[in-house]
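Trainee: My questions will all concern the structure given below.
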Amino acid sequence: HPPPYFFGSTMTVLLLLLAFASIGGVLAFASEAPQRNKIALVSGGNKGVGKEIARRLGSDPDITCLIACRNVELGEKAAADLRSDVTEDGVTCDVIALPIPFDLADKESIEACAKYVEDEFGALDILVNNAAICFNDPTLYGVLKEPVSFRDQADITIKTNYFGALVTTQSFLPLLKKSPSSRIINVASAAGRLTILQSQDLVDKFTSETLTIPELSELMEQFVADVQGGTHSERGWPNTCYGVSKLGIIALTKILARQHPDMLCNSVDPGYCKTDQNNNQGVTDPSQGAYTPYLLAVMEAESDEEGELVSGLHFFEEQEINWSYQ
């Protein structure tokens, strides 16, 4: 039986997709056969969960997967490794590394990548916002030469993980709108669960059905300001910059779903995977963590039991999960 924090109406959505796939069905974007390969882009696709998402997407015969990385050389090395992967059906993993840097902290680099995709492919069908930083990661910006204070971590983490993902989404939105059935999958984390907030006022603001992107961005900036002012705890914020950044990502997903009802916008917790981010201390293999993001990318547009669009939801292990994780 599923834990009590799983919902009823949509909790079987991805499980049904699993069953459909297991009997030889083909997961499709729409009833009509596409005239071209769908184009997916995975940020931070050179390692960890991002690389495994790219592997799954690129191994779908109808998808060409692009990986966007800060280090072009590492991106191409990962893409070459993925292209050497051949499925049991003889399908080669179709993955291409963008030949220009993609840096969440550099708006111009993000916009340049969007321009490259537009020039080379014309449209984008799937955007997976996976790239992020965490100060637990021993490979963050190479090897950190000295400890970074919590105060400085807040500014860097929020600018990179939240604002970087926001700029990425906004930069690729025009290309996503050219797709007949576009998807945005935002990789989040249990670290961003609502219960990290110690203020009901903050909970109410983050969960408001009328919350806008400018208002959400103001909340994220307020967290940074409160950390730098030494008042974040008394104002109900947690002692986790990464958690707040992922809280913002989940809230952003829900806003995007409201603003773009023609797209499927969902967030997903891949689980505690063995990656550089946690010095490989995780308990889940990245390939398993990549499975739910992959399903969200390829599922039918109307996959709810009641025929409704599955959008604005948060997922974990192929099922919708309550944002509070309770």
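So you can find residues: chains in the structure tokens are A, B, ... in the order shown, residues in each start at 1, and ligands are numbered from 1 in order.
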Can you tell me, as an MDAnalysis selection string, what residues are no more than 9 Å from range 52-54 of chain A when counting only C-alpha atoms, ignoring any on the same chain fewer than 5 positions away?
Mentor: chainID A and resid 40:42 45:47 59 65:67 79 82 93:95 128 286:291 293:294
Trainee: Extract, using only C-alpha atoms, all DNA, RNA and protein residues at most 12 Å from Gly122 in chain A, discarding same-chain residues fewer than 4 positions from it, and format them as a compact mmCIF listing (two decimals) with N, CA and C atoms, in the first residue's frame.
Mentor:
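Result saved to part02.txt:
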```
# COMPACT_ATOMS: atom_id res chain seq x y z
N ARG A 36 8.93 14.57 -36.80
CA ARG A 36 10.34 14.74 -36.48
C ARG A 36 10.60 14.19 -35.09
N ASN A 37 11.86 13.95 -34.79
CA ASN A 37 12.19 13.56 -33.43
C ASN A 37 11.86 14.69 -32.47
N LYS A 38 11.34 14.34 -31.33
CA LYS A 38 11.14 15.35 -30.29
C LYS A 38 12.51 15.75 -29.75
N ILE A 39 12.65 16.99 -29.38
CA ILE A 39 13.91 17.51 -28.87
C ILE A 39 13.78 17.75 -27.37
N ALA A 114 19.91 28.87 -25.65
CA ALA A 114 18.56 28.88 -26.22
C ALA A 114 18.61 29.29 -27.69
N LYS A 115 19.46 30.26 -28.00
CA LYS A 115 19.61 30.70 -29.40
C LYS A 115 20.20 29.58 -30.24
N TYR A 116 21.15 28.84 -29.69
CA TYR A 116 21.75 27.73 -30.43
C TYR A 116 20.70 26.66 -30.73
N VAL A 117 19.90 26.32 -29.74
CA VAL A 117 18.86 25.30 -29.95
C VAL A 117 17.85 25.77 -30.98
N GLU A 118 17.50 27.05 -30.92
CA GLU A 118 16.57 27.59 -31.91
C GLU A 118 17.14 27.50 -33.32
N PHE A 172 13.82 29.43 -22.71
CA PHE A 172 13.40 28.36 -23.62
C PHE A 172 11.89 28.32 -23.84
N PRO A 174 9.83 30.35 -25.47
CA PRO A 174 9.40 30.55 -26.86
C PRO A 174 9.58 29.29 -27.72
N LEU A 175 10.61 28.51 -27.44
CA LEU A 175 10.84 27.27 -28.20
C LEU A 175 9.87 26.18 -27.76
N LEU A 176 9.56 26.14 -26.46
CA LEU A 176 8.59 25.17 -25.95
C LEU A 176 7.21 25.44 -26.52
N LYS A 177 6.88 26.70 -26.74
CA LYS A 177 5.57 27.05 -27.28
C LYS A 177 5.42 26.61 -28.74
N LYS A 178 6.53 26.31 -29.39
CA LYS A 178 6.46 25.82 -30.78
C LYS A 178 6.18 24.33 -30.84
N SER A 179 6.22 23.67 -29.70
CA SER A 179 5.96 22.23 -29.65
C SER A 179 4.46 21.98 -29.51
```
Trainee: Range 223-226 of chain A: which residues within 12 Å, counting only C-alpha atoms, same-chain residues fewer than 5 positions away excluded, as a PyMOL selection string?
Mentor: chain A and resi 150-159+162+197+202+216-218+231-245+247-248
Trainee: Taking N, CA and C atoms for each residue, export the selection above as a CSV table (one decimal), in the first residue's frame.
Mentor:
```csv
chain,number,residue,atom,x,y,z
A,150,PHE,N,27.6,30.3,5.7
A,150,PHE,CA,26.2,30.1,5.4
A,150,PHE,C,25.6,31.3,4.8
A,151,ARG,N,26.1,32.5,5.2
A,151,ARG,CA,25.6,33.7,4.7
A,151,ARG,C,25.9,33.8,3.2
A,152,ASP,N,27.1,33.4,2.8
A,152,ASP,CA,27.5,33.5,1.4
A,152,ASP,C,26.8,32.3,0.6
A,153,GLN,N,26.6,31.2,1.2
A,153,GLN,CA,26.0,30.1,0.6
A,153,GLN,C,24.6,30.4,0.1
A,154,ALA,N,23.9,31.2,0.9
A,154,ALA,CA,22.5,31.6,0.6
A,154,ALA,C,22.4,32.3,-0.7
A,155,ASP,N,23.2,33.3,-0.9
A,155,ASP,CA,23.2,34.1,-2.1
A,155,ASP,C,23.5,33.3,-3.3
A,156,ILE,N,24.6,32.5,-3.2
A,156,ILE,CA,25.1,31.7,-4.4
A,156,ILE,C,24.0,30.6,-4.7
A,157,THR,N,23.5,29.9,-3.7
A,157,THR,CA,22.6,28.8,-3.9
A,157,THR,C,21.3,29.3,-4.6
A,158,ILE,N,20.7,30.4,-4.0
A,158,ILE,CA,19.4,30.8,-4.5
A,158,ILE,C,19.6,31.4,-5.9
A,159,LYS,N,20.7,32.2,-6.2
A,159,LYS,CA,20.9,32.7,-7.5
A,159,LYS,C,21.1,31.6,-8.5
A,162,TYR,N,17.6,28.6,-8.0
A,162,TYR,CA,16.2,29.1,-8.3
A,162,TYR,C,16.3,30.1,-9.5
A,197,LEU,N,9.7,24.9,6.5
A,197,LEU,CA,9.3,26.3,6.9
A,197,LEU,C,8.7,26.3,8.3
A,202,LEU,N,4.7,32.0,6.0
A,202,LEU,CA,5.5,31.6,4.8
A,202,LEU,C,4.9,30.5,4.1
A,216,LEU,N,7.1,35.3,-5.9
A,216,LEU,CA,8.0,34.1,-5.5
A,216,LEU,C,9.5,34.6,-5.4
A,217,SER,N,9.9,35.3,-6.5
A,217,SER,CA,11.3,35.7,-6.5
A,217,SER,C,11.6,36.7,-5.3
A,218,GLU,N,10.6,37.5,-5.0
A,218,GLU,CA,10.8,38.4,-3.8
A,218,GLU,C,10.9,37.6,-2.5
A,231,THR,N,18.7,37.1,10.7
A,231,THR,CA,17.3,37.0,11.2
A,231,THR,C,16.5,35.9,10.6
A,232,HIS,N,17.1,35.0,9.8
A,232,HIS,CA,16.3,34.1,9.0
A,232,HIS,C,15.5,33.1,10.0
A,233,SER,N,16.2,32.6,11.0
A,233,SER,CA,15.6,31.7,11.9
A,233,SER,C,14.3,32.2,12.6
A,234,GLU,N,14.4,33.5,13.1
A,234,GLU,CA,13.3,34.1,13.9
A,234,GLU,C,12.2,34.4,12.9
A,235,ARG,N,12.5,34.5,11.6
A,235,ARG,CA,11.4,34.8,10.7
A,235,ARG,C,10.8,33.5,10.0
A,236,GLY,N,11.2,32.3,10.5
A,236,GLY,CA,10.6,31.1,10.1
A,236,GLY,C,11.3,30.4,9.0
A,237,TRP,N,12.5,30.8,8.6
A,237,TRP,CA,13.2,30.2,7.5
A,237,TRP,C,14.1,29.0,8.1
A,238,PRO,N,14.4,28.0,7.3
A,238,PRO,CA,15.2,26.9,7.8
A,238,PRO,C,16.7,27.2,7.7
A,239,ASN,N,17.5,26.3,8.2
A,239,ASN,CA,19.0,26.4,8.0
A,239,ASN,C,19.5,25.6,6.9
A,240,THR,N,18.8,25.7,5.7
A,240,THR,CA,19.2,25.0,4.5
A,240,THR,C,19.0,25.8,3.3
A,241,CYS,N,20.1,26.3,2.7
A,241,CYS,CA,20.0,27.1,1.5
A,241,CYS,C,19.5,26.2,0.3
A,242,TYR,N,20.0,25.0,0.2
A,242,TYR,CA,19.6,24.1,-0.8
A,242,TYR,C,18.1,23.8,-0.7
A,243,GLY,N,17.6,23.5,0.5
A,243,GLY,CA,16.2,23.2,0.7
A,243,GLY,C,15.3,24.4,0.3
A,244,VAL,N,15.7,25.6,0.6
A,244,VAL,CA,14.9,26.7,0.2
A,244,VAL,C,14.9,26.9,-1.3
A,245,SER,N,16.0,26.6,-1.9
A,245,SER,CA,16.1,26.7,-3.4
A,245,SER,C,15.2,25.7,-4.0
A,247,LEU,N,12.5,24.4,-2.5
A,247,LEU,CA,11.2,24.8,-2.2
A,247,LEU,C,10.7,25.8,-3.3
A,248,GLY,N,11.6,26.7,-3.7
A,248,GLY,CA,11.3,27.7,-4.7
A,248,GLY,C,11.0,27.0,-6.0
```
Trainee: Using only C-alpha atoms, can you tell me which of A:Leu296, A:Leu124, A:Val203, A:Ala165 comes closest to Pro270 in chain A?
Mentor: A:Leu296
Trainee: I need the alpha helix (DSSP H) residues of range 73-278 of chain A per DSSP on the backbone, written as a PyMOL selection string.
Mentor: chain A and resi 73-83+107-121+150-157+164-176+200-207+213-228+241-259
Trainee: Which polymer residues have any atom within 9 Å of an atom of Leu211 in chain A, counting only C-alpha atoms, with same-chain residues fewer than 6 positions away left out, as a list in words?
Mentor: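 What passes the distance filter is Lys205, Ala251 and Ile255 of chain A.
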Trainee: Kindly save the residues from that selection, with C-alpha atoms included, as a short mmCIF file (atom, residue, chain, number, x, y, z; two decimals), in the first residue's frame.
Mentor:
```
data_model
loop_
_atom_site.label_atom_id
_atom_site.label_comp_id
_atom_site.auth_asym_id
_atom_site.auth_seq_id
_atom_site.Cartn_x
_atom_site.Cartn_y
_atom_site.Cartn_z
CA LYS A 205 2.60 32.55 0.81
CA ALA A 251 6.51 26.61 -6.08
CA ILE A 255 2.98 28.81 -11.04
#
```
Trainee: Taking only C-alpha atoms into account, which of A:His314, A:Lys51, A:Arg56, A:His260 comes nearest Asn186 in chain A?
Mentor: A:His314
Trainee: Extract, using only C-alpha atoms, all DNA, RNA and protein residues at most 9 Å from Glu76 in chain A, discarding same-chain residues fewer than 5 positions from it, and format them as a list in words.
Mentor: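 After dropping sequence-adjacent residues, the list is Asn46, Ile67, Asn71, Asp81, Ile96, Ala97, Leu98 and Pro99 of chain A.
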Trainee: Take the selection from the previous step and output its residues with C-alpha atoms, as a PDB file, in the first residue's frame.
Mentor:
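Saved the output as again-v9.pdb:
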```pdb
ATOM      1  CA  ASN A  46      27.029  15.292 -17.867  1.00  0.00           C
ATOM      2  CA  ILE A  67      22.722  18.020 -22.636  1.00  0.00           C
ATOM      3  CA  ASN A  71      32.101  22.474 -18.970  1.00  0.00           C
ATOM      4  CA  ASP A  81      29.739   7.764 -23.446  1.00  0.00           C
ATOM      5  CA  ILE A  96      24.196  15.615 -28.259  1.00  0.00           C
ATOM      6  CA  ALA A  97      26.176  17.929 -25.991  1.00  0.00           C
ATOM      7  CA  LEU A  98      25.696  21.637 -26.627  1.00  0.00           C
ATOM      8  CA  PRO A  99      29.024  22.994 -27.948  1.00  0.00           C
TER       9      PRO A  99
END
```
Trainee: Between CA of Leu252 in chain A and CA of Ile213 in chain A, what distance in Å does the model show, to one decimal?
Mentor: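 About the pair CA of Leu252 in chain A and CA of Ile213 in chain A: they are 6.9 Å apart.
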Trainee: Pick out the closest residue to Gly192 in chain A from this set: A:Ile249, A:Val148, A:Leu166, A:Ile110. Count only C-alpha atoms.
Mentor: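 The answer is A:Ile249, which sits nearest to Gly192 in chain A.
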Trainee: Could you please write out, as a PyMOL selection string, every residue of range 89-145 of chain A that DSSP assigns to strand (DSSP E or B)?
Mentor: chain A and resi 92+95-97+126-129
Trainee: What does the file look like for those residues with N, CA, C and O atoms, as a JSON list (two decimals), in the first residue's frame?
Mentor:
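The result, stored in result20.json:
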```
[["chain", "number", "residue", "atom", "x", "y", "z"],
["A", 92, "THR", "N", 20.50, 3.09, -30.59],
["A", 92, "THR", "CA", 21.63, 3.86, -30.07],
["A", 92, "THR", "C", 21.11, 5.09, -29.34],
["A", 92, "THR", "O", 20.17, 5.75, -29.80],
["A", 95, "VAL", "N", 22.15, 11.32, -28.11],
["A", 95, "VAL", "CA", 22.46, 12.42, -27.19],
["A", 95, "VAL", "C", 23.50, 13.32, -27.82],
["A", 95, "VAL", "O", 24.50, 12.85, -28.38],
["A", 96, "ILE", "N", 23.27, 14.61, -27.72],
["A", 96, "ILE", "CA", 24.20, 15.62, -28.26],
["A", 96, "ILE", "C", 24.51, 16.62, -27.16],
["A", 96, "ILE", "O", 23.61, 17.13, -26.50],
["A", 97, "ALA", "N", 25.78, 16.90, -26.96],
["A", 97, "ALA", "CA", 26.18, 17.93, -25.99],
["A", 97, "ALA", "C", 26.20, 19.29, -26.68],
["A", 97, "ALA", "O", 26.74, 19.41, -27.80],
["A", 126, "ILE", "N", 10.88, 19.14, -24.68],
["A", 126, "ILE", "CA", 11.04, 18.73, -23.29],
["A", 126, "ILE", "C", 12.19, 19.52, -22.67],
["A", 126, "ILE", "O", 13.31, 19.50, -23.18],
["A", 127, "LEU", "N", 11.91, 20.19, -21.58],
["A", 127, "LEU", "CA", 12.96, 20.87, -20.83],
["A", 127, "LEU", "C", 13.05, 20.24, -19.45],
["A", 127, "LEU", "O", 12.06, 20.23, -18.70],
["A", 128, "VAL", "N", 14.22, 19.72, -19.11],
["A", 128, "VAL", "CA", 14.44, 19.15, -17.79],
["A", 128, "VAL", "C", 15.43, 20.04, -17.04],
["A", 128, "VAL", "O", 16.62, 20.06, -17.36],
["A", 129, "ASN", "N", 14.91, 20.81, -16.10],
["A", 129, "ASN", "CA", 15.77, 21.66, -15.27],
["A", 129, "ASN", "C", 16.35, 20.80, -14.16],
["A", 129, "ASN", "O", 15.75, 20.61, -13.11]]
```
Trainee: I want to know what sits within 7 Å of Lys246 in chain A, based on only C-alpha atoms, with residues of the same chain fewer than 6 positions away left out; could you give that as a PyMOL selection string?
Mentor: chain A and resi 188-189+191-192
Trainee: Could you write out that same residue set with all heavy atoms as a PDB file, in the first residue's frame?
Mentor:
```pdb
ATOM      1  N   ALA A 188      13.489  18.477  -8.293  1.00  0.00           N
ATOM      2  CA  ALA A 188      13.468  19.078  -6.961  1.00  0.00           C
ATOM      3  C   ALA A 188      14.081  18.104  -5.963  1.00  0.00           C
ATOM      4  O   ALA A 188      14.977  17.326  -6.304  1.00  0.00           O
ATOM      5  CB  ALA A 188      12.040  19.462  -6.583  1.00  0.00           C
ATOM      6  N   SER A 189      13.587  18.125  -4.741  1.00  0.00           N
ATOM      7  CA  SER A 189      14.166  17.290  -3.695  1.00  0.00           C
ATOM      8  C   SER A 189      13.253  17.303  -2.476  1.00  0.00           C
ATOM      9  O   SER A 189      12.492  18.260  -2.258  1.00  0.00           O
ATOM     10  CB  SER A 189      15.550  17.827  -3.305  1.00  0.00           C
ATOM     11  OG  SER A 189      16.018  17.233  -2.107  1.00  0.00           O
ATOM     12  N   ALA A 191      14.344  17.864   0.225  1.00  0.00           N
ATOM     13  CA  ALA A 191      14.882  18.984   0.998  1.00  0.00           C
ATOM     14  C   ALA A 191      14.002  20.221   0.859  1.00  0.00           C
ATOM     15  O   ALA A 191      14.031  21.110   1.714  1.00  0.00           O
ATOM     16  CB  ALA A 191      16.300  19.304   0.545  1.00  0.00           C
ATOM     17  N   GLY A 192      13.203  20.286  -0.214  1.00  0.00           N
ATOM     18  CA  GLY A 192      12.329  21.430  -0.450  1.00  0.00           C
ATOM     19  C   GLY A 192      10.903  21.217   0.016  1.00  0.00           C
ATOM     20  O   GLY A 192      10.001  21.940  -0.416  1.00  0.00           O
TER      21      GLY A 192
END
```
Trainee: How many Å separate CA of Ala123 in chain A from CA of Asp62 in chain A?
Mentor: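 That distance, rounded to one decimal, is 14.8 Å.
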Trainee: Please measure the separation of CA of Ala297 in chain A and CA of Ala68 in chain A, giving the value in Å to one decimal.
Mentor: 17.0 Å
